[in-house]
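Undergrad: The following file, entry.cif, comprises mmCIF, C-alpha atoms (C1' of nucleotides):
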```cif
data_target
#
loop_
_atom_site.label_atom_id
_atom_site.label_comp_id
_atom_site.auth_asym_id
_atom_site.auth_seq_id
_atom_site.Cartn_x
_atom_site.Cartn_y
_atom_site.Cartn_z
CA MET A 205 93.75 117.33 56.05
CA SER A 206 91.89 114.22 55.02
CA LEU A 207 91.96 111.01 56.96
CA GLU A 208 93.53 107.91 55.61
CA PRO A 209 91.29 104.88 55.53
CA PHE A 210 91.67 102.32 58.29
CA THR A 211 93.46 99.24 57.11
CA ASP A 212 94.15 95.98 58.85
CA ASP A 213 97.45 95.21 57.23
CA ASP A 214 100.18 95.39 59.77
CA PRO A 215 103.80 94.69 58.91
CA ILE A 216 104.75 94.18 62.56
CA PHE A 217 102.07 92.58 64.69
CA ARG A 218 100.12 89.42 64.05
CA ARG A 219 98.23 89.38 67.36
CA GLU A 220 99.33 92.21 69.61
CA SER A 221 96.86 91.30 72.35
CA VAL A 222 99.30 88.55 73.31
CA LEU A 223 101.62 91.25 74.60
CA ARG A 224 99.05 93.04 76.72
CA ASP A 225 98.81 92.90 80.48
CA THR A 226 95.36 91.35 80.32
CA TYR A 227 96.50 88.33 78.33
CA THR A 228 96.78 85.10 80.27
CA PRO A 229 99.20 82.64 78.72
CA GLU A 230 98.35 78.93 78.73
CA THR A 231 101.70 78.02 80.15
CA LEU A 232 103.98 79.79 82.52
CA VAL A 233 107.54 79.37 81.34
CA GLU A 234 110.55 79.38 83.64
CA ARG A 235 108.44 78.81 86.76
CA ASP A 236 108.35 75.01 86.98
CA ARG A 237 109.70 74.76 90.50
CA GLU A 238 107.27 77.35 91.85
CA LEU A 239 104.28 75.71 90.22
CA ARG A 240 105.28 72.33 91.59
CA GLU A 241 105.65 73.70 95.10
CA PHE A 242 102.33 75.43 94.80
CA GLN A 243 100.46 72.30 93.73
CA ASN A 244 102.18 70.37 96.47
CA ALA A 245 101.07 72.88 99.07
CA LEU A 246 97.47 72.35 98.01
CA LYS A 247 97.60 68.55 98.43
CA PRO A 248 95.71 68.61 101.76
CA VAL A 249 92.74 70.16 100.00
CA VAL A 250 92.44 67.30 97.56
CA LYS A 251 92.63 64.86 100.45
CA GLY A 252 89.73 66.64 102.10
CA GLU A 253 91.74 68.08 104.91
CA VAL A 254 92.11 71.61 106.23
CA PRO A 255 94.25 73.52 103.70
CA LYS A 256 97.67 74.81 104.53
CA ASN A 257 97.99 78.54 104.40
CA ILE A 258 100.27 79.57 101.62
CA PHE A 259 102.33 82.69 101.26
CA LEU A 260 103.73 83.71 97.89
CA TYR A 261 106.22 86.47 97.64
CA GLY A 262 108.30 88.11 94.96
CA GLN A 263 108.37 91.42 93.11
CA THR A 264 105.75 92.49 90.61
CA GLY A 265 105.77 90.81 87.23
CA VAL A 266 107.40 87.56 88.28
CA GLY A 267 104.33 85.40 87.75
CA LYS A 268 102.73 85.15 91.19
CA SER A 269 99.22 86.12 90.20
CA ILE A 270 99.24 84.13 86.99
CA ALA A 271 100.59 81.09 88.81
CA THR A 272 97.79 81.38 91.35
CA GLU A 273 95.18 81.70 88.67
CA MET A 274 96.52 78.69 86.77
CA VAL A 275 96.90 76.44 89.79
CA LEU A 276 93.48 77.24 91.20
CA ASP A 277 91.78 76.83 87.82
CA ARG A 278 93.38 73.45 87.53
CA LEU A 279 92.27 72.53 91.03
CA LYS A 280 88.67 73.46 90.31
CA GLN A 281 88.82 71.47 87.12
CA ASP A 282 90.33 68.38 88.72
CA GLN A 283 88.07 68.33 91.74
CA GLU A 284 85.47 66.53 89.61
CA ASN A 285 87.64 63.45 89.98
CA PHE A 286 87.20 63.40 93.74
CA ASP A 287 84.07 62.59 95.69
CA ASP A 288 82.86 65.02 98.29
CA LEU A 289 85.17 67.77 97.20
CA ASN A 290 83.86 71.18 96.40
CA VAL A 291 86.39 73.99 96.48
CA GLU A 292 85.34 77.60 96.28
CA VAL A 293 87.81 80.40 95.66
CA THR A 294 87.40 84.02 96.53
CA TYR A 295 89.87 86.60 95.32
CA VAL A 296 90.55 90.04 96.75
CA LEU A 297 93.03 92.48 95.30
CA CYS A 298 94.24 94.38 98.34
CA LYS A 299 96.03 97.12 96.43
CA ASN A 300 94.69 100.44 97.75
CA LEU A 301 93.25 98.77 100.83
CA THR A 302 95.27 100.20 103.67
CA SER A 303 93.82 98.43 106.67
CA SER A 304 92.55 95.09 107.84
CA TYR A 305 89.17 96.71 108.20
CA GLN A 306 89.00 97.58 104.50
CA VAL A 307 90.10 94.11 103.52
CA THR A 308 87.40 92.60 105.71
CA VAL A 309 84.76 94.81 104.12
CA GLU A 310 86.03 93.86 100.68
CA LEU A 311 85.85 90.19 101.56
CA VAL A 312 82.29 90.51 102.84
CA ASN A 313 81.36 92.25 99.61
CA THR A 314 82.69 89.41 97.46
CA PHE A 315 79.91 87.30 98.97
CA ARG A 316 77.25 89.90 98.28
CA GLU A 317 75.38 90.94 95.19
CA PRO A 318 76.55 94.21 93.61
CA GLU A 319 73.34 95.98 94.71
CA ASN A 320 73.76 94.73 98.25
CA GLN A 321 77.28 95.84 99.11
CA ILE A 322 78.16 97.20 102.51
CA SER A 323 79.91 100.51 102.95
CA GLY A 324 83.59 100.86 103.74
CA THR A 325 82.87 103.08 106.74
CA GLY A 326 80.35 103.22 109.53
CA HIS A 327 80.39 99.65 110.81
CA SER A 328 82.29 98.53 113.83
CA HIS A 329 85.16 96.16 113.32
CA GLY A 330 83.41 93.34 115.11
CA ALA A 331 80.22 93.74 113.13
CA VAL A 332 82.02 93.36 109.81
CA LEU A 333 83.88 90.27 111.02
CA ALA A 334 80.62 88.71 112.23
CA LYS A 335 79.13 89.26 108.77
CA LEU A 336 82.15 87.61 107.21
CA TRP A 337 81.89 84.47 109.34
CA GLN A 338 78.19 84.33 108.56
CA HIS A 339 78.82 84.46 104.81
CA ILE A 340 81.56 81.84 104.97
CA ASN A 341 79.40 79.47 106.98
CA ASP A 342 76.60 79.92 104.49
CA ILE A 343 78.50 78.92 101.39
CA ASP A 344 77.88 75.49 100.01
CA ALA A 345 81.36 74.03 99.67
CA THR A 346 83.79 71.81 101.50
CA HIS A 347 86.70 74.22 101.15
CA LEU A 348 87.11 77.93 100.75
CA LEU A 349 90.40 79.34 99.53
CA ILE A 350 90.80 83.05 100.10
CA VAL A 351 93.33 84.71 97.84
CA LEU A 352 94.65 88.03 99.15
CA ASP A 353 96.67 89.57 96.35
CA GLU A 354 99.12 92.42 97.09
CA ILE A 355 98.48 91.87 100.77
CA ASP A 356 101.50 93.98 101.73
CA SER A 357 99.46 97.13 101.22
CA VAL A 358 97.71 96.65 104.57
CA GLY A 359 101.03 97.43 106.20
CA THR A 360 101.34 96.64 109.87
CA ASP A 361 97.63 96.36 110.49
CA ASP A 362 97.48 92.58 110.35
CA ASP A 363 94.34 91.76 112.33
CA ILE A 364 92.55 90.11 109.42
CA LEU A 365 95.63 87.98 108.77
CA TYR A 366 95.37 86.84 112.35
CA GLN A 367 91.65 86.14 112.19
CA LEU A 368 91.36 84.25 108.92
CA PRO A 369 93.91 81.47 109.46
CA ARG A 370 92.44 80.54 112.82
CA ALA A 371 88.78 80.92 112.07
CA ASN A 372 88.42 77.14 111.87
CA ALA A 373 90.27 76.57 115.12
CA ASN A 374 88.40 79.33 116.94
CA GLY A 375 85.03 77.94 116.04
CA LYS A 376 84.13 80.99 113.98
CA VAL A 377 83.81 78.68 111.01
CA ASP A 378 82.95 75.02 111.60
CA PRO A 379 85.57 72.86 109.81
CA ASN A 380 82.91 70.19 109.17
CA ASN A 381 81.07 72.83 107.27
CA VAL A 382 83.78 74.77 105.43
CA LYS A 383 87.52 74.34 105.63
CA LEU A 384 89.30 77.64 105.24
CA GLY A 385 92.64 78.33 103.58
CA VAL A 386 94.42 81.61 102.93
CA ILE A 387 96.72 82.28 100.02
CA GLY A 388 98.59 85.52 100.58
CA ILE A 389 100.49 87.18 97.76
CA SER A 390 103.02 89.88 98.51
CA ASN A 391 105.21 92.04 96.34
CA ASP A 392 107.33 93.00 99.27
CA PHE A 393 109.42 90.25 100.70
CA THR A 394 110.16 92.17 103.87
CA PHE A 395 106.42 92.20 104.56
CA ARG A 396 106.44 88.83 106.25
CA ASP A 397 108.99 90.03 108.78
CA GLN A 398 106.90 93.04 109.69
CA LEU A 399 104.03 90.84 110.76
CA ASP A 400 103.27 89.85 114.28
CA ALA A 401 105.08 86.59 115.11
CA ARG A 402 101.86 84.65 115.71
CA VAL A 403 100.56 85.79 112.31
CA GLN A 404 103.79 84.77 110.59
CA ASP A 405 103.50 81.22 111.82
CA SER A 406 99.92 80.66 110.88
CA LEU A 407 99.81 82.59 107.63
CA ALA A 408 103.00 81.27 106.13
CA GLU A 409 102.76 77.56 106.76
CA ASP A 410 104.10 77.14 103.29
CA GLU A 411 106.15 79.81 101.58
CA ILE A 412 106.85 79.99 97.89
CA HIS A 413 109.43 82.45 96.74
CA PHE A 414 109.25 83.82 93.21
CA PRO A 415 112.68 85.23 92.38
CA PRO A 416 113.03 87.96 89.76
CA TYR A 417 113.68 86.68 86.24
CA ASP A 418 117.20 87.06 84.97
CA SER A 419 117.89 88.21 81.41
CA ASN A 420 118.11 84.66 80.07
CA GLN A 421 114.75 83.70 81.49
CA LEU A 422 113.21 86.90 80.19
CA ARG A 423 114.56 86.05 76.77
CA THR A 424 112.79 82.71 76.86
CA ILE A 425 109.57 84.36 77.98
CA LEU A 426 109.73 87.01 75.28
CA HIS A 427 110.48 84.45 72.57
CA ASP A 428 107.53 82.42 73.77
CA ARG A 429 105.13 85.33 73.38
CA ALA A 430 106.72 86.96 70.37
CA GLY A 431 106.08 83.92 68.20
CA ASN A 432 102.34 84.60 68.31
CA ALA A 433 102.44 88.34 68.66
CA PHE A 434 104.69 89.35 65.79
CA VAL A 435 104.73 88.69 62.10
CA ASP A 436 107.51 86.25 61.21
CA GLY A 437 110.78 88.05 60.65
CA ALA A 438 109.54 91.38 61.99
CA LEU A 439 112.00 91.38 64.86
CA ALA A 440 115.68 92.10 64.38
CA ASP A 441 117.88 89.58 66.17
CA ASP A 442 119.01 91.89 68.93
CA VAL A 443 115.55 93.22 69.88
CA ILE A 444 114.51 90.51 72.32
CA PRO A 445 117.90 90.26 74.02
CA LEU A 446 117.95 94.01 74.50
CA CYS A 447 114.44 94.14 75.97
CA ALA A 448 115.39 91.27 78.24
CA ALA A 449 118.57 93.03 79.29
CA PHE A 450 116.83 96.32 80.15
CA ALA A 451 114.10 94.64 82.15
CA GLY A 452 116.48 92.16 83.72
CA GLN A 453 118.79 94.86 84.99
CA GLU A 454 116.05 97.03 86.39
CA THR A 455 113.37 94.83 87.87
CA GLY A 456 113.44 91.29 86.56
CA SER A 457 109.79 91.76 85.73
CA ALA A 458 108.26 89.93 82.79
CA ARG A 459 105.55 92.57 82.70
CA GLN A 460 108.12 95.28 82.16
CA ALA A 461 109.94 93.28 79.48
CA LEU A 462 106.72 92.60 77.59
CA LYS A 463 105.66 96.21 77.83
CA LEU A 464 108.97 97.32 76.42
CA LEU A 465 108.77 94.85 73.55
CA TYR A 466 105.21 95.92 72.78
CA LYS A 467 106.14 99.60 72.84
CA SER A 468 109.13 98.98 70.57
CA GLY A 469 106.91 97.27 68.04
CA ASP A 470 104.41 100.07 68.32
CA LEU A 471 107.09 102.64 67.55
CA ALA A 472 108.28 100.68 64.53
CA ARG A 473 104.74 100.39 63.23
CA SER A 474 104.08 104.12 63.59
CA GLU A 475 107.19 104.73 61.52
CA ASP A 476 105.77 102.50 58.82
CA VAL A 477 108.82 100.29 58.74
CA SER A 478 108.54 96.53 58.53
CA MET A 479 111.10 95.61 61.11
CA VAL A 480 111.62 96.35 64.79
CA GLU A 481 115.19 97.29 65.46
CA GLU A 482 117.45 98.07 68.34
CA ARG A 483 116.90 101.81 68.09
CA HIS A 484 113.15 101.29 68.59
CA VAL A 485 113.86 99.48 71.84
CA ARG A 486 116.08 102.29 73.08
CA ALA A 487 113.49 104.92 72.14
CA ALA A 488 110.77 102.87 73.83
CA GLN A 489 112.85 102.59 76.98
CA ASP A 490 113.22 106.40 77.11
CA LEU A 491 109.50 106.89 76.62
CA VAL A 492 108.64 104.45 79.36
CA GLU A 493 110.93 106.24 81.79
CA ALA A 494 109.52 109.68 81.03
CA GLY A 495 105.98 108.35 81.21
CA LYS A 496 106.59 106.84 84.61
CA ALA A 497 107.83 110.13 86.04
CA LYS A 498 104.91 112.00 84.54
CA ASP A 499 102.33 109.58 85.89
CA GLU A 500 103.79 109.91 89.34
CA LEU A 501 103.83 113.69 89.14
CA GLU A 502 100.19 113.75 88.11
CA ALA A 503 99.17 111.50 90.95
CA LEU A 504 100.61 113.79 93.62
CA PRO A 505 98.22 115.62 95.94
CA SER A 506 97.47 119.25 95.11
CA GLN A 507 99.56 120.53 98.03
CA SER A 508 102.57 118.90 96.41
CA HIS A 509 101.67 120.47 93.09
CA LEU A 510 101.58 123.88 94.73
CA THR A 511 104.90 123.21 96.39
CA LEU A 512 106.40 122.29 93.05
CA PHE A 513 104.95 125.41 91.52
CA ALA A 514 106.53 127.49 94.27
CA MET A 515 109.88 125.92 93.54
CA LEU A 516 109.44 126.46 89.82
CA ARG A 517 108.90 130.16 90.49
CA MET A 518 111.99 130.28 92.65
CA ALA A 519 114.00 128.51 89.97
CA ASP A 520 112.99 131.23 87.50
CA LYS A 521 114.34 133.85 89.87
CA GLY A 522 117.48 131.88 90.53
CA LEU A 523 116.56 131.36 94.18
CA LEU A 524 117.15 127.61 94.26
CA PRO A 525 118.38 125.79 96.17
CA ALA A 526 116.27 127.15 98.99
CA ARG A 527 115.37 126.29 102.57
CA SER A 528 111.93 125.06 103.51
CA THR A 529 110.80 128.29 105.14
CA ASP A 530 111.51 130.26 101.96
CA ILE A 531 109.77 127.70 99.82
CA TYR A 532 106.84 128.00 102.18
CA ASP A 533 106.59 131.74 101.49
CA TYR A 534 106.27 131.12 97.78
CA TYR A 535 103.86 128.28 98.39
CA ASP A 536 101.75 130.59 100.52
CA ARG A 537 101.50 133.13 97.70
CA ALA A 538 100.66 130.49 95.09
CA ALA A 539 97.95 128.96 97.27
CA ARG A 540 96.33 132.37 97.89
CA ALA A 541 96.45 133.17 94.20
CA ILE A 542 94.14 130.26 93.37
CA ASP A 543 92.10 130.43 96.59
CA ALA A 544 93.37 127.12 97.87
CA ASP A 545 93.61 126.44 101.59
CA VAL A 546 96.97 127.47 102.93
CA LYS A 547 98.32 124.61 104.98
CA SER A 548 100.83 124.85 107.78
CA ILE A 549 104.53 124.70 107.25
CA ARG A 550 104.63 121.26 108.84
CA THR A 551 102.37 119.95 106.09
CA ILE A 552 104.55 121.45 103.39
CA ARG A 553 107.57 119.87 105.02
CA SER A 554 105.86 116.51 104.68
CA ARG A 555 105.15 117.26 101.02
CA LEU A 556 108.79 118.15 100.52
CA SER A 557 110.00 114.92 102.04
CA GLN A 558 107.55 112.94 99.90
CA LEU A 559 108.81 114.67 96.76
CA LEU A 560 112.30 113.89 97.93
CA MET A 561 111.51 110.22 98.36
CA LYS A 562 110.04 110.03 94.89
CA GLY A 563 113.24 111.48 93.50
CA PHE A 564 111.77 114.76 92.24
CA LEU A 565 113.89 116.85 94.58
CA LYS A 566 117.28 116.63 96.09
CA LYS A 567 118.51 118.20 99.29
CA THR A 568 121.83 119.15 100.81
CA GLN A 569 122.40 119.88 104.43
CA ARG A 570 123.81 123.20 105.55
CA ASN A 571 124.92 124.20 108.95
CA GLU A 572 125.87 127.70 109.94
CA GLY A 573 126.38 127.11 113.60
CA LEU A 574 125.04 129.47 116.21
CA ASN A 575 124.14 132.29 113.91
CA GLY A 576 122.52 130.08 111.30
CA GLY A 577 121.68 126.68 112.70
CA SER A 578 121.31 123.61 110.50
CA PHE A 579 118.80 123.22 107.73
CA PHE A 580 118.32 121.60 104.34
CA LEU A 581 118.53 123.25 100.96
CA TYR A 582 116.13 121.81 98.42
CA GLU A 583 116.34 121.93 94.65
CA LEU A 584 114.54 120.31 91.73
CA ASP A 585 115.88 117.05 90.40
CA ILE A 586 113.71 116.58 87.31
CA ARG A 587 113.35 118.55 84.14
CA GLU A 588 111.44 121.75 84.90
CA GLU A 589 109.62 121.35 81.60
CA LEU A 590 108.05 118.11 82.80
CA ILE A 591 106.69 119.78 85.94
CA ARG A 592 105.36 122.70 83.92
CA GLU A 593 103.62 120.31 81.57
CA VAL A 594 101.90 118.45 84.38
CA LEU A 595 100.88 121.57 86.30
CA GLN A 596 99.46 123.19 83.20
CA GLU A 597 97.32 120.15 82.54
CA ASP A 598 95.99 120.08 86.08
CA ASP A 599 92.65 121.85 86.55
CA ARG A 600 93.60 123.52 89.83
CA THR A 601 97.12 124.63 89.09
CA LYS A 602 96.78 125.67 85.47
CA GLN A 603 95.32 129.04 86.50
CA LEU A 604 98.59 129.85 88.20
CA PHE A 605 100.21 130.19 84.81
CA SER A 606 97.69 132.66 83.41
CA GLU A 607 96.80 134.54 86.61
CA GLY A 608 100.32 134.35 87.84
CA SER A 609 101.45 136.79 85.17
CA LYS A 610 98.57 139.16 85.94
CA GLN A 611 99.43 138.99 89.59
CA SER A 612 103.03 139.84 89.05
CA ARG A 613 102.06 142.86 87.00
CA ILE A 614 99.90 144.19 89.84
CA ARG A 615 102.68 143.86 92.37
"C1'" DC B 136 133.96 120.90 125.20
"C1'" DT B 137 129.70 123.44 125.44
"C1'" DT B 138 126.40 126.38 123.45
"C1'" DC B 139 123.08 127.61 120.36
"C1'" DC B 140 120.66 128.29 116.13
"C1'" DA B 141 117.03 126.88 112.68
"C1'" DC B 142 115.11 123.78 111.28
"C1'" DA B 143 113.62 118.22 110.67
"C1'" DG B 144 110.46 115.19 111.45
"C1'" DG B 145 108.08 111.74 114.98
"C1'" DA B 146 103.88 111.20 117.79
"C1'" DA B 147 99.59 112.18 119.00
"C1'" DA B 148 95.57 114.71 118.90
"C1'" DA B 149 92.10 117.30 116.36
"C1'" DG B 150 88.90 117.84 112.75
"C1'" DC B 151 86.49 116.65 108.79
"C1'" DC B 152 84.05 113.28 106.07
"C1'" DG B 153 80.78 109.75 104.63
"C1'" DG B 154 78.16 106.45 106.54
"C1'" DG B 155 76.43 103.28 109.82
"C1'" DG B 156 72.99 101.73 114.21
"C1'" DT B 157 69.09 102.64 117.26
"C1'" DA C 149 67.66 112.91 115.59
"C1'" DC C 150 71.46 111.51 117.63
"C1'" DC C 151 75.76 109.36 118.52
"C1'" DC C 152 79.27 106.15 116.99
"C1'" DC C 153 82.80 104.23 113.55
"C1'" DG C 154 86.89 104.18 110.73
"C1'" DG C 155 89.71 106.83 107.08
"C1'" DC C 156 92.35 110.48 106.09
"C1'" DT C 157 94.52 114.96 106.37
"C1'" DT C 158 96.26 118.51 109.03
"C1'" DT C 159 97.78 120.75 113.26
"C1'" DT C 160 100.04 120.97 117.57
"C1'" DC C 161 103.69 119.82 120.42
"C1'" DC C 162 108.00 118.69 121.06
"C1'" DT C 163 112.54 116.23 120.91
"C1'" DG C 164 116.66 115.67 117.83
"C1'" DT C 165 120.45 117.12 114.96
"C1'" DG C 166 125.05 118.91 113.40
"C1'" DG C 167 128.63 121.98 113.21
"C1'" DA C 168 130.48 126.91 113.70
"C1'" DA C 169 131.22 130.06 117.29
"C1'" DG C 170 132.58 130.88 121.84
#
```
Take the structure from the file and write it as structure tokens.

TA:
Amino acid sequence: MSLEPFTDDDPIFRRESVLRDTYTPETLVERDRELREFQNALKPVVKGEVPKNIFLYGQTGVGKSIATEMVLDRLKQDQENFDDLNVEVTYVLCKNLTSSYQVTVELVNTFREPENQISGTGHSHGAVLAKLWQHINDIDATHLLIVLDEIDSVGTDDDILYQLPRANANGKVDPNNVKLGVIGISNDFTFRDQLDARVQDSLAEDEIHFPPYDSNQLRTILHDRAGNAFVDGALADDVIPLCAAFAGQETGSARQALKLLYKSGDLARSEDVSMVEERHVRAAQDLVEAGKAKDELEALPSQSHLTLFAMLRMADKGLLPARSTDIYDYYDRAARAIDADVKSIRTIRSRLSQLLMKGFLKKTQRNEGLNGGSFFLYELDIREELIREVLQEDDRTKQLFSEGSKQSRIR
DNA sequence: CTTCCACAGGAAAAGCCGGGGT
DNA sequence: ACCCCGGCTTTTCCTGTGGAAG
């Protein structure tokens, strides 16, 4: 088969990059109140005083990070108009950082050259903090704003959130030298309540809540972007409202709505039609859902993969639903077959409850009294084909499918 | 109403790792 | 060379749980 030449004519998209995650819009629509509150909260900085600590919360895709970026850019730009004002900003994305310690290390590293980074293990807690204070004292600025994005991932370990807001007061950082402010961003609005009371007070001097977008707001946002992204007249009338409705019902996330719109356009383009229609949106929605499940399956630890394989085997033999001890037997055989470590039943129970939480399994309770006791029966709650697909693509578990048949012939 | 079974799952400790400091 | 540090996974230990049988 011969390739077709690449062409740049595109009946659908004018500038598709406008729809990507990486694109930063010049204006943030439907977030006027939040932006105003944000700027207001930063007033003390402009007046040369110690900043208030600000806490932003709201689900993903509601504009928190973009708002922060825009407001801080503007602040850095406008500081020229004020004498003796020099604001520095340091940004740490705390996703995947599960402890205060890791956040502290990450912060220290933002002040260091790439070839001079410190390691995430090995140092004592105090030593890393001492380094941090040193770096902050050394910077040449009147103010330092520390942005901690997705701060909820540190969970209940809130030591760094206790340390940073009172570094000025504790004399760790001399306020005449650098005035320190923390901007915490959280996707989880229950996070604030989990924090130690003394941390709550100091960290969240000013709170800005970003509510999820409703369908109407999402419509405005999508129209705003679509104007640049799509060729005029390439969108059927009901496409944007439908994207907005899907995303509005599920998450209220602009990111999700944009992704859906982009995917719909992509589907239309691959069909070589010149208009995006409702059916493209529905197909895109299905694809997104399936993709999400698959990504999550792939990301599971190998013990979970083995557990799923065990259950797949049992499903073939009509043995599901099954109790955890029986699943463990099959797991044990599968793990031996590929020379993986066989973990204890307690571990597999944890895997089972994780799979349950992610919605891949469902369980029903059974109780057979004094000659049976109570236990759970587990069964699969996703398409078996999807599991098979993922396990066959995985380097470790794919041998189970070829060797598995050999094995069963031997026995 | 009590007993008793067969797990469920929390808590804490153990063990391994990669990587410090002295 | 040695011991210490924090992260992470796994094991060990053990208390809870719910309903049929007694």

Undergrad: Counting only C-alpha atoms (C1' of nucleotides), what are the residues of chain A within 12 Å of chain C, and for each of them which pair of atoms is the nearest and at what distance in Å, to one decimal? Sort the table by chain and rising number, as CSV.

TA:
```
residue,atom,partner,partner_atom,distance
A:Leu301,CA,C:DG155,C1',10.8
A:Thr302,CA,C:DG155,C1',9.3
A:Ser303,CA,C:DG155,C1',9.4
A:Ser304,CA,C:DG154,C1',11.1
A:Tyr305,CA,C:DG154,C1',8.2
A:Gln306,CA,C:DG154,C1',9.3
A:Val309,CA,C:DG154,C1',11.7
A:Ser323,CA,C:DG154,C1',11.1
A:Gly324,CA,C:DG154,C1',8.4
A:Thr325,CA,C:DG154,C1',5.8
A:Gly326,CA,C:DC153,C1',4.8
A:His327,CA,C:DC153,C1',5.9
A:Ser328,CA,C:DC153,C1',5.7
A:His329,CA,C:DC153,C1',8.4
A:Gly330,CA,C:DC153,C1',11.0
A:Ala331,CA,C:DC153,C1',10.8
A:Val332,CA,C:DC153,C1',11.5
A:Pro505,CA,C:DT157,C1',11.1
A:Gln507,CA,C:DT157,C1',11.2
A:Asp545,CA,C:DT158,C1',11.2
A:Val546,CA,C:DT158,C1',10.9
A:Lys547,CA,C:DT158,C1',7.6
A:Ser548,CA,C:DT159,C1',7.5
A:Ile549,CA,C:DT159,C1',9.9
A:Arg550,CA,C:DT159,C1',8.2
A:Thr551,CA,C:DT158,C1',6.9
A:Ile552,CA,C:DT158,C1',10.4
A:Ser554,CA,C:DT158,C1',10.7
A:Gln569,CA,C:DG166,C1',9.4
A:Arg570,CA,C:DG166,C1',9.0
A:Asn571,CA,C:DG167,C1',6.1
A:Glu572,CA,C:DA168,C1',6.0
A:Gly573,CA,C:DA168,C1',4.1
A:Leu574,CA,C:DA169,C1',6.3
A:Asn575,CA,C:DA169,C1',8.2
A:Gly576,CA,C:DA168,C1',8.9
A:Gly577,CA,C:DG167,C1',8.4
A:Ser578,CA,C:DG166,C1',6.7
A:Phe579,CA,C:DG166,C1',9.5
A:Phe580,CA,C:DG166,C1',11.6
```

Undergrad: Given the selection you just returned, output its residues as a file containing C-alpha atoms, formatted as a compact mmCIF listing (two decimals), in the frame of the given file.

TA:
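Output below, filename again.txt:
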```txt
# COMPACT_ATOMS: atom_id res chain seq x y z
CA LEU A 301 93.25 98.77 100.83
CA THR A 302 95.27 100.20 103.67
CA SER A 303 93.82 98.43 106.67
CA SER A 304 92.55 95.09 107.84
CA TYR A 305 89.17 96.71 108.20
CA GLN A 306 89.00 97.58 104.50
CA VAL A 309 84.76 94.81 104.12
CA SER A 323 79.91 100.51 102.95
CA GLY A 324 83.59 100.86 103.74
CA THR A 325 82.87 103.08 106.74
CA GLY A 326 80.35 103.22 109.53
CA HIS A 327 80.39 99.65 110.81
CA SER A 328 82.29 98.53 113.83
CA HIS A 329 85.16 96.16 113.32
CA GLY A 330 83.41 93.34 115.11
CA ALA A 331 80.22 93.74 113.13
CA VAL A 332 82.02 93.36 109.81
CA PRO A 505 98.22 115.62 95.94
CA GLN A 507 99.56 120.53 98.03
CA ASP A 545 93.61 126.44 101.59
CA VAL A 546 96.97 127.47 102.93
CA LYS A 547 98.32 124.61 104.98
CA SER A 548 100.83 124.85 107.78
CA ILE A 549 104.53 124.70 107.25
CA ARG A 550 104.63 121.26 108.84
CA THR A 551 102.37 119.95 106.09
CA ILE A 552 104.55 121.45 103.39
CA SER A 554 105.86 116.51 104.68
CA GLN A 569 122.40 119.88 104.43
CA ARG A 570 123.81 123.20 105.55
CA ASN A 571 124.92 124.20 108.95
CA GLU A 572 125.87 127.70 109.94
CA GLY A 573 126.38 127.11 113.60
CA LEU A 574 125.04 129.47 116.21
CA ASN A 575 124.14 132.29 113.91
CA GLY A 576 122.52 130.08 111.30
CA GLY A 577 121.68 126.68 112.70
CA SER A 578 121.31 123.61 110.50
CA PHE A 579 118.80 123.22 107.73
CA PHE A 580 118.32 121.60 104.34
```

Undergrad: Taking all atoms listed in the file into account, which residues of chain B are within 10 Å of chain A, as number ranges by chain?

TA: B: 138-144, 153-156

Undergrad: With C-alpha atoms (C1' of nucleotides) retained, could you export that selection as a compact mmCIF listing (two decimals), in the frame of the given file?

TA:
```txt
# COMPACT_ATOMS: atom_id res chain seq x y z
C1' DT B 138 126.40 126.38 123.45
C1' DC B 139 123.08 127.61 120.36
C1' DC B 140 120.66 128.29 116.13
C1' DA B 141 117.03 126.88 112.68
C1' DC B 142 115.11 123.78 111.28
C1' DA B 143 113.62 118.22 110.67
C1' DG B 144 110.46 115.19 111.45
C1' DG B 153 80.78 109.75 104.63
C1' DG B 154 78.16 106.45 106.54
C1' DG B 155 76.43 103.28 109.82
C1' DG B 156 72.99 101.73 114.21
```

Undergrad: Can you tell me how far atom CA of A:Ser474 sits from atom CA of A:Lys498, in Å to one decimal?

TA: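 Computing it gives 22.4 Å between the two atoms.
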
Undergrad: Which distance in Å separates atom CA of A:Thr272 and atom CA of A:Val307, to one decimal?

TA: 19.2 Å

Undergrad: Work out where the centre of an axis-aligned box around every listed atom of stretch 151-166 of chain C lies and how long its edges are once 8 Å is added on each side; give both in Å to one decimal as lines of an AutoDock Vina configuration file.

TA:
```
center_x = 100.4
center_y = 112.6
center_z = 113.6
size_x = 65.3
size_y = 32.8
size_z = 31.0
```

Undergrad: What is the atom CA of A:Leu352-atom CA of A:Ile387 distance in Å, reported with one decimal?

TA: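 Going from atom CA of A:Leu352 over to atom CA of A:Ile387 covers 6.2 Å.
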
Undergrad: Can you translate the PyMOL selection byres ((chain A and resi 591-607) around 8) into the concrete residues it hits in this file, as a list in words?

TA: Lys498, Leu501, Glu502, Ser506, His509, Leu510, Leu512, Phe513, Ala538, Ala541, Ile542, Ile586, Arg587, Glu588, Glu589, Leu590, Gly608, Ser609, Lys610 and Gln611 of chain A

Undergrad: Exactly which residues make up the result of the PyMOL selection byres ((chain A and resi 226) around 12) on this file, given as a ChimeraX atom specification?

TA: /A:220-225,227-229,269-270,459,462-463

Undergrad: May I have the residues within 12 Å of A:Gly452 as a PyMOL selection string, using all atoms listed in the file and disregarding those fewer than 2 positions away in the same chain?

TA: chain A and resi 265-266+415-423+425-426+444-450+454-462+464
